[in-house]
Amino acid sequence: MTELCDLPGHELARMYRAGEATAVDAVESCLRRIGAVDDRVEAFLRVTADDARERARTVDARFAAGEELPLTAGIPMALKDVLCTRGVTTTCGSRILGTYVPPYDCTPWARLGEAGAVLLGKTNCDEFAMGSSNENSAYGPVHNPWDLDTVPGGSSGGSAAAVAAGEAVWALGTDTGGSVRQPAALCGVVGFKPTYGLISRYGLIAFASSLDTVGTFSRTVRDAATLVSAIGGKDPLDATSLPTEPRDLTEGLDGGVAGMRIGVVREWLGEGVEPGVKAAIEAAIERLGRLGATFEDATLPHADYALSAYYILAPAECSSNLARYDGVRYGHRAADASDVIDLNSRTRGEGFGDEVKRRIMLGTYALSAGYYEAYYGQAQKVRTLVIRDFEAAFERFDLLLGPTSPTTAFRIGEKAGDPLAMYLSDIFTIPSNLAGNPSISLPCGLDERGLPVGLQLLGPHLDEATVLRAAHAFEQDLVFAARPPLVEEAAA
Amino acid sequence: MTEYEAVVGLECHVELSTATKMFCGCPNEFGGEPNTRTCPVCLGHPGTLPVPNREAVERTMKIALALDGEVAPHSLFHRKNYFYPDMPKNYQISQYDLPIGTGGHLDIDVDGEIRPVRMNRVHLEEDTGKTVHASATGRIAEAEYALEDYNRAGVPLVEVVSEPDMRSPEEARAYLVELRALLEALGVSDVRMEEGSLRCDANVSVRPAGSAELGTKVEIKNMNSIRSVERAIRFEIDRQGEALKRGEPLVQETRHWDEDRGVTTSLRSKEEAFDYRYFPEPDLPPMEPDEGWIGKLKAELPELPAARRRRYVETLEVPAEQARILTSAPAWADLFEETVEAVSQPAGAVANWFTQTLMPQVPPEKAAGRGDAIAEVLRLVSEQEISVTAGKEVLVEAVGSGRSPSEIVDERGLRQISDLGGVIDEVVAENPGPVEQFRGGKEGVLGFLVGQVMKKTGGAANPNEAQRLLRERLSS
């Protein structure tokens with residue numbers, strides 16, 4: 001049987017209004033699931049059960065009073081622990097912020113909270129969102145609900161696993177180089193990264209500011225559209241947020257793909273892509289073709305260099321963004337420092353994990369006098385070329401298509417000792433971060449091990465509508481009904 | 001004959017007097033209980049983002065325009081990265097190779113000669129907090145701990161950088177006086193060096209007189225008045241000149257001005273200089289003002305000190321030196337013009353009262369809004385109701401205390417007695433000897449008789465009038 005916690009958000013929203021379920025019912029269902037599986041999945045760093053129950057009761061009372069509330073009202077959700085929540089510890093998966101309680105809410109949560117959304121808790125992630133497997137969290141790895149010995153992907157692994165395991169109906173994550181789409185692919189859920197600047201970054205604890213994008217995890221494309229509609233639009237607190245009015249992205253979802261021109265990024269179906277992934281993507285192309293889309297090969301000639309450029313730009317920004325963690329104002333502070341330099345270096349030495357330190361060093365080096373042009377300057381040029389590649393491709397195509405990740409979920413520990421192999425996990429997701437384009441990952445099948453494969457659709461700047469329309473058409477036709485064994489067991 | 005010539009460039013930091021800070025909504029005010037004018041943004045909390053203060057950007061553009069420079073059609077904020085606990089993010093949002101303002105010049109007046117000093121750039125950044133080192137000895141190295149006050153963190157700060165066009169401490173002083181006047185006229189800053197709203201670093205080098213090449217540059221920091229800038233530069237020129245004469249090489253370094261000892265000491269060498277790892281601030285989009293915006297700001301510029309000075313000399317016929325003194329303090333110049341309007345006296349005479357009596361003796365903040373009182377005192381003197389000497393006393397007292405001039409005149413009995421007939425009669429009757437002597441042709445005795453009149457009137461008589469009346473009386 002299907003429990004409330006396994007339903008899509010839009011179905012719960014309908015049931016609340018039809019009197020078939022209450023927000024309290026849905027919250028209790030999620031909390032039961034968390035109780036049943038989270039000791040194995042370890043998606044949550046903190047569960048805010050009392051607050052969730054309280055908020056759910058308030059929403060139910062408002063429904064009972066006949067109030068019209070937004071679709072996000074009363075939906076039990078989770079937030080990646082890089083998104084600041086007032087009064088709720090927000091750690092970024094790091095020891096250095098182990099005690100940090102933000103005095104303010106991030107804009108996405110402020111907007112959702114205002115609309116009556118219910119926060120179940122904060123989810124685990126790679127430290128400061130740096131990683132592709134969630135193994136870089138100071139608080140231990142997250143386990144993929146499809147196979148507990150495998151990773152959920154990263155860095156938003158906790159949010160992806162929570163939605164996949166029915167611990168939350170939907171969740172927010174952040175995507176700097178694929179950190180929403182890649183774990184969504186590995187966990188068999190929908191992961192949507194809208195255009196950079198559509199959703200405010202205020203309160204998103206920065207990793208790489210020019211790339212960081214808030215994204216969504218959900219069970220359906222419609223839910224992704226609902227969530228982004230609720231949190232998007234210009235924010236006066238973020239100077240890089242685009243001057244867009246809030247849009248209802250659920251409008252036009254049913255428009256179908258007939259006549260849509262889709263470019264298949266051939267470079268992304270070559271060497272290094274697992275056969276199971278390749279097969280599922282080829283099948284997806286066939287399916288969309290049957291639905292009326294036309295296909296041609298597309299090329300992003302500079303995408304090969306995107307990964308290298310990313311590993312200059314993101315660490316460079318991170319080396320500066322993470323400088324504030326010095327033990328002076330908040331967070332971890334080394335004991336008995338002899339002077340301020342000792343305080344800074346010991347606080348940071350104790351507080352940061354290896355991957356974070358690696359990237360701070362890479363970035364510091366890339367920005368150093370004498371190296372700036374060769375590294376940062378060159379990487380910026382590559383970024384411009386990648387942006388032009390996309391612009392050229394979108395003159396011919398409405399959408400681009402490829403796999404989200406070259407592999408399905410890999411075993412915990414498998415790539416932990418090999419950063420370069422790990423970095424390759426994001427090879428297909430990074431280009432749209434460099435260019436800022438909207439892109440979505442949605443389940444398109446299972447590989448021979450029974451692990452989900454993610455299909456990636458990429459659209460032009462601010463054309464969320466086309467991306468969502470095609471994804472919705474595919475999802476409606478495919479009906480991805482498989483559920484993780486853990487969910488089958490818990491729901492039985 | 002001078003063997004060496006000094007080359008001086010100045011980097012001034014100007015705190016803008018905007019209502020709020022550069023990147024958040026916290027009040028921008030001097031002082032306050034530590035850490036009360038702060039918020040998550042200016043404390044550098046995780047996840048917070050800067051939003052630029054439009055007023056601060058406009059003021060920076062105005063400074064660039066007032067210096068006859070260009071406002072860049074495309075400028076960027078950069079991050080300047082270094083660790084210091086008074087800087088909440090451990091980077092400062094500043095500008096690097098694409099500042100808001102470039103070029104222009106500031107014309108300085110040295111001994112009546114006008115010289116242009118070329119400007120390098122005008123850029124906008126955020127100020128840091130303040131560190132207080134707690135130690136019994138007051139020495140940083142012996143401090144047991146330090147306290148941070150972030151009230152100043154994030155205050156908008158404009159850096160105005162000159163080209164190395166000055167050749168003496170006097171020129172540096174003239175530059176600072178002129179820049180301060182310009183900023184005050186623009187109304188962009190409080191320009192108080194003692195409160196740190198105007199700060200200055202100097203780059204000083206020396207070279208053989210007549211040489212075109214620049215010598216080794218030394219940057220001097222920690223000067224907190226125009227006088228100390230002048231002193232520090234003088235010291236540094238002498239130090240470098242003497243080192244060269246002894247054949248010692250100079251090193252490129254940053255030196256610290258010690259106000260008490262009157263010397264500069266080495267702070268760090270070029271090798272120890274920070275690598276700031278500048279890169280474009282990803283949280284802030286580029287600033288791209290259009291012609292319309294720049295034109296509007298240009299049109300809003302007030303009359304600047306140099307133009308005002310020319311007008312005083314050419315139209316109001318104020319002597320050049322007095323025009324220079326008046327226009328170097330725009331608030332005084334405003335009062336001066338108000339007074340000229342209100343009284344029917346030549347502007348030159350009014351300028352005398354200002355430059356010789358008021359400005360040296362009354363703090364400018366007390367004079368604000370006291371135009372009526374100044375005009376009244378000048379009228380009392382011109383109508384001979386009080387003497388010039390009494391006028392000076394009343395002027396300083398009235399403007400300084402805020403009281404009405406007439407009240408002070410009455411209280412102190414300073415009014416001149418205009419009907420001296422009776423007193424003259426008395427003096428003539430009581431001094432037959434001197435009267436005879438005068439009538440016999442001894443002119444000098446008149447002074448004695450005037451003195452007697454003054455004595456009888458307690459100094460309230462106008463001595464010129466007394467002399468005229470005595471002469472009239474005795475010759476009849």
# chains A, B, ... in the order shown; residues from 1 in each chain; ligands from 1
call {"tool": "residues_around", "arguments": {"residues": "Arg471 in chain B", "least_positions_apart": "6", "cutoff": "12 Å", "atoms": "only C-alpha atoms", "output": "PyMOL selection string"}}
result
chain B and resi 424+428+435+438-439+441+443-447+449-450+464-465
call {"tool": "residues_around", "arguments": {"residues": "range 354-360 of chain A", "least_positions_apart": "5", "cutoff": "9 Å", "atoms": "only C-alpha atoms", "output": "PDB file with N, CA and C atoms, in the first residue's frame"}}
result
ATOM      1  N   GLU A 127      30.502  18.021   2.926  1.00  0.00           N
ATOM      2  CA  GLU A 127      30.905  19.215   3.646  1.00  0.00           C
ATOM      3  C   GLU A 127      30.986  20.422   2.708  1.00  0.00           C
ATOM      4  N   PHE A 128      30.254  21.469   3.057  1.00  0.00           N
ATOM      5  CA  PHE A 128      30.184  22.683   2.241  1.00  0.00           C
ATOM      6  C   PHE A 128      29.836  22.374   0.779  1.00  0.00           C
ATOM      7  N   MET A 130      30.811  20.060  -1.120  1.00  0.00           N
ATOM      8  CA  MET A 130      31.937  19.655  -1.968  1.00  0.00           C
ATOM      9  C   MET A 130      32.046  18.139  -1.997  1.00  0.00           C
ATOM     10  N   GLY A 131      31.487  17.553  -3.068  1.00  0.00           N
ATOM     11  CA  GLY A 131      31.569  16.116  -3.199  1.00  0.00           C
ATOM     12  C   GLY A 131      30.456  15.594  -4.075  1.00  0.00           C
ATOM     13  N   ASN A 136      31.815  12.993   2.066  1.00  0.00           N
ATOM     14  CA  ASN A 136      32.655  14.035   2.658  1.00  0.00           C
ATOM     15  C   ASN A 136      31.988  14.755   3.827  1.00  0.00           C
ATOM     16  N   TYR A 311      37.070  23.089 -11.889  1.00  0.00           N
ATOM     17  CA  TYR A 311      37.953  22.798 -10.748  1.00  0.00           C
ATOM     18  C   TYR A 311      39.038  23.855 -10.529  1.00  0.00           C
ATOM     19  N   ALA A 314      35.571  26.988  -9.123  1.00  0.00           N
ATOM     20  CA  ALA A 314      34.860  26.682  -7.878  1.00  0.00           C
ATOM     21  C   ALA A 314      35.812  26.709  -6.672  1.00  0.00           C
ATOM     22  N   PRO A 315      36.982  26.071  -6.748  1.00  0.00           N
ATOM     23  CA  PRO A 315      37.899  26.179  -5.605  1.00  0.00           C
ATOM     24  C   PRO A 315      38.364  27.618  -5.351  1.00  0.00           C
ATOM     25  N   ALA A 316      38.562  28.396  -6.433  1.00  0.00           N
ATOM     26  CA  ALA A 316      39.004  29.781  -6.230  1.00  0.00           C
ATOM     27  C   ALA A 316      37.964  30.534  -5.402  1.00  0.00           C
ATOM     28  N   GLU A 317      36.705  30.415  -5.795  1.00  0.00           N
ATOM     29  CA  GLU A 317      35.658  31.112  -5.042  1.00  0.00           C
ATOM     30  C   GLU A 317      35.532  30.538  -3.641  1.00  0.00           C
ATOM     31  N   CYS A 318      35.665  29.223  -3.518  1.00  0.00           N
ATOM     32  CA  CYS A 318      35.537  28.594  -2.198  1.00  0.00           C
ATOM     33  C   CYS A 318      36.659  29.046  -1.270  1.00  0.00           C
ATOM     34  N   SER A 319      37.861  29.229  -1.824  1.00  0.00           N
ATOM     35  CA  SER A 319      38.979  29.620  -0.945  1.00  0.00           C
ATOM     36  C   SER A 319      38.681  30.964  -0.294  1.00  0.00           C
ATOM     37  N   SER A 320      37.946  31.800  -0.984  1.00  0.00           N
ATOM     38  CA  SER A 320      37.583  33.105  -0.442  1.00  0.00           C
ATOM     39  C   SER A 320      36.321  33.007   0.425  1.00  0.00           C
ATOM     40  N   LEU A 322      35.168  30.580   2.140  1.00  0.00           N
ATOM     41  CA  LEU A 322      35.338  29.850   3.394  1.00  0.00           C
ATOM     42  C   LEU A 322      36.363  30.503   4.328  1.00  0.00           C
ATOM     43  N   ALA A 323      36.885  31.676   3.895  1.00  0.00           N
ATOM     44  CA  ALA A 323      37.872  32.357   4.741  1.00  0.00           C
ATOM     45  C   ALA A 323      37.254  32.850   6.046  1.00  0.00           C
ATOM     46  N   ARG A 348      40.737  26.202  11.701  1.00  0.00           N
ATOM     47  CA  ARG A 348      40.471  25.708  10.354  1.00  0.00           C
ATOM     48  C   ARG A 348      41.024  24.296  10.153  1.00  0.00           C
ATOM     49  N   GLY A 349      42.181  24.053  10.774  1.00  0.00           N
ATOM     50  CA  GLY A 349      42.767  22.725  10.676  1.00  0.00           C
ATOM     51  C   GLY A 349      41.874  21.672  11.315  1.00  0.00           C
ATOM     52  N   TYR A 365      45.914  28.651  -4.573  1.00  0.00           N
ATOM     53  CA  TYR A 365      47.008  28.591  -5.545  1.00  0.00           C
ATOM     54  C   TYR A 365      46.591  29.236  -6.862  1.00  0.00           C
ATOM     55  N   PRO A 419      40.171  11.244  -5.865  1.00  0.00           N
ATOM     56  CA  PRO A 419      39.398  12.467  -6.137  1.00  0.00           C
ATOM     57  C   PRO A 419      39.091  12.658  -7.618  1.00  0.00           C
TER      58      PRO A 419
END
call {"tool": "interface_residues", "arguments": {"of": "chain A", "to": "chain B", "cutoff": "7 Å", "atoms": "only C-alpha atoms", "output": "PDB file with C-alpha atoms, in the first residue's frame"}}
result
ATOM      1  CA  TYR A 202      20.434  34.608   0.263  1.00  0.00           C
ATOM      2  CA  GLY A 203      20.995  32.212   3.130  1.00  0.00           C
ATOM      3  CA  LEU A 204      22.573  29.505   0.986  1.00  0.00           C
ATOM      4  CA  ILE A 205      25.940  29.037   2.650  1.00  0.00           C
ATOM      5  CA  ALA A 206      28.288  29.733  -0.226  1.00  0.00           C
ATOM      6  CA  SER A 209      28.981  31.905  -5.516  1.00  0.00           C
ATOM      7  CA  SER A 210      28.899  32.228  -9.304  1.00  0.00           C
ATOM      8  CA  LEU A 237      18.719  40.568  -0.643  1.00  0.00           C
ATOM      9  CA  ASP A 238      20.600  38.906  -3.530  1.00  0.00           C
ATOM     10  CA  ALA A 239      22.136  41.306  -6.052  1.00  0.00           C
ATOM     11  CA  THR A 240      22.658  38.424  -8.494  1.00  0.00           C
ATOM     12  CA  SER A 320      37.583  33.105  -0.442  1.00  0.00           C
ATOM     13  CA  ALA A 323      37.872  32.357   4.741  1.00  0.00           C
ATOM     14  CA  ARG A 324      35.298  33.668   7.225  1.00  0.00           C
ATOM     15  CA  VAL A 328      36.444  34.620  15.827  1.00  0.00           C
ATOM     16  CA  LEU A 367      44.416  32.997  -7.431  1.00  0.00           C
ATOM     17  CA  SER A 368      48.008  33.614  -6.365  1.00  0.00           C
ATOM     18  CA  ALA A 369      50.083  36.392  -7.862  1.00  0.00           C
TER      19      ALA A 369
END
call {"tool": "residues_around", "arguments": {"residues": "range 258-266 of chain B", "least_positions_apart": "2", "cutoff": "9 Å", "atoms": "only C-alpha atoms", "output": "list in words"}}
result
Ile220, Lys221, Asn222, Met223, Asn224, Ser228, Arg231, Ala232, Phe235, Glu236, Glu253, Thr254, Arg255, His256, Arg268 and Ser269 of chain B
call {"tool": "write_last_selection", "arguments": {"atoms": "C-alpha atoms", "output": "compact mmCIF listing (two decimals), in the first residue's frame"}}
result
# COMPACT_ATOMS: atom_id res chain seq x y z
CA ILE B 220 53.78 55.67 5.11
CA LYS B 221 50.74 54.80 7.21
CA ASN B 222 49.09 55.93 10.45
CA MET B 223 48.89 59.68 10.06
CA ASN B 224 45.80 61.16 11.63
CA SER B 228 51.08 64.75 10.82
CA ARG B 231 55.53 66.06 9.30
CA ALA B 232 55.79 62.42 8.28
CA PHE B 235 60.79 63.26 8.01
CA GLU B 236 60.73 60.62 5.30
CA GLU B 253 58.64 49.01 2.21
CA THR B 254 55.70 50.15 4.29
CA ARG B 255 56.58 52.41 7.21
CA HIS B 256 54.63 53.43 10.27
CA ARG B 268 57.02 45.38 6.40
CA SER B 269 59.19 45.05 3.34
call {"tool": "select_by_dssp", "arguments": {"residues": "range 219-450 of chain A", "states": "alpha helix (DSSP H)", "output": "PyMOL selection string"}}
result
chain A and resi 221-231+275-290+303-321+340-351+354-366+378-396+419-423+430-435
call {"tool": "closest_residue", "arguments": {"among": "B:Glu426, B:Asp410, B:Asp190, B:Glu271", "to": "Ala331 in chain B", "atoms": "only C-alpha atoms"}}
result
B:Asp190
call {"tool": "select_by_dssp", "arguments": {"residues": "range 224-372 of chain A", "states": "strand (DSSP E)", "output": "PyMOL selection string"}}
result
chain A and resi 261-265+294-298
call {"tool": "closest_residue", "arguments": {"among": "B:Ala153, B:Ile294, B:Val132, B:Val350", "to": "Ala323 in chain B", "atoms": "only C-alpha atoms"}}
result
B:Val350
